[in-house]
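Enquirer: Got a structure for you, written out below as structure tokens; questions coming shortly.
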Amino acid sequence: MKKFIMIAVAIIAGTGIAAAQELYVNTEPASNMPANSLGIRLTNKFFNMEHSGDVGMRFEPEVMWGVNKKLMVHVLGYASNMMQSSIRAEGGSIYAKYRFLSLDQQHAHFRMAAYVRGSVIDNPYYPVMPAGTHAMRPYDNEELDLEGATSGVNGGIIATQLLHKLALSTTLGYSRYMNNVKDNIPESFSKNSVNYSLSAGYLVLPVKYKSFQQTNLNLYVELLGKTNTDLIGRGSYLDIAPAIQFIFNSTTRLDLSYRSQLAGDMPRNTFNSFLIRFEHNIFNIKK
């Protein structure tokens, strides 16, 4: 029995599950989920909306597929009340990540990956104001994203370094924003941006792996930034997002994170948000 447990732990470590401290909450690592596996996520984000003072909510159901050890694909949907008073479907996106470099050592590895995302969204670019208010009033927001706000494409590079219980990761990417399904992007908005991040994760528990059924406790802090690059609509920001994560039976995950702005001059919908995510993974979906 002891031999079986040690073999199981070794298999988990080889697939990257034991490197739980790089399962970042607000970004993706260069490592992939195990090959031939399926993941199901439900992410809820809560925002304090600057234009109305209300609490906005965005729901993101997601399916993830480990195609092989180098390639994984995500399919996401979005629904929220951020641009109107009631919750409605906003659209969806596809995300793919390819790991092209892996330098593995005992208790350490360095990996690099390239990613691309495409989104199709039908939100308006200005919030739909309640009847009797100034529905056409100017609304300042220069923060566009592909996670429910606008259609477009995004791509970039990720580099992740695991050092025993500490994992560090950085991302550099470029976004091109496009017209939404039912609304053209305003001329005053920047249609191009550069995004960047620096993430750190630390494995707190278990102190020593004995079984794949042990609960993992991970702590994270992430710096998330963006800079608009067009001559019009310039602006940038840098956010900080601490997070706590629990992993149960090496298959089920619970994330909690709070994100707030550290610095910036970009007009935004919201300057702080709270995230809660539930994820479950199924391994060896095909024998």
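Letters A, B, ... go to the chains of the structure tokens in the order shown; residues in each chain start at 1; ligands are counted from 1 in the same order.
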Enumerate, in order of chain and increasing residue number, the residues of region 52-149 of chain A with an atom no farther than 12 Å from region 213-229 of chain A, each with its shortest atom pair and distance in Å to one decimal, counting only C-alpha atoms, as CSV.
Expert:
```
residue,atom,partner,partner_atom,distance
A:Asn141,CA,A:Asn228,CA,11.9
A:Glu142,CA,A:Asn228,CA,8.2
A:Glu143,CA,A:Asn228,CA,8.3
A:Leu144,CA,A:Asn228,CA,9.3
A:Asp145,CA,A:Lys226,CA,10.0
```
Enquirer: Residues of region 38-287 of chain A in strand (DSSP E) according to DSSP, as a PyMOL selection string?
Expert: chain A and resi 38-48+55-66+71-80+88-105+108-121+151-163+166-178+192-205+216-228+235-248+252-264+272-282
Enquirer: Tell me which protein, DNA and RNA residues are within 6 Å of region 18-33 of chain A, counting only C-alpha atoms, leaving out same-chain ones fewer than 2 positions away, and put them as a PyMOL selection string.
Expert: chain A and resi 12-13+16+66+111-113+158-160+167+201-203+218
Enquirer: From the set A:His280, A:Leu76, A:Gln105, A:Gly148, which residue has the shortest atom-to-atom contact distance to Phe246 (chain A), counting only C-alpha atoms?
Expert: A:His280
Enquirer: Which residue gives the smallest distance to Asp54 (chain A) among A:Ser86, A:Gln245, A:Ser37, A:Ser193, with only C-alpha atoms counted?
Expert: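 Of A:Ser86, A:Gln245, A:Ser37, A:Ser193, the one nearest Asp54 (chain A) is A:Ser86, counting only C-alpha atoms.
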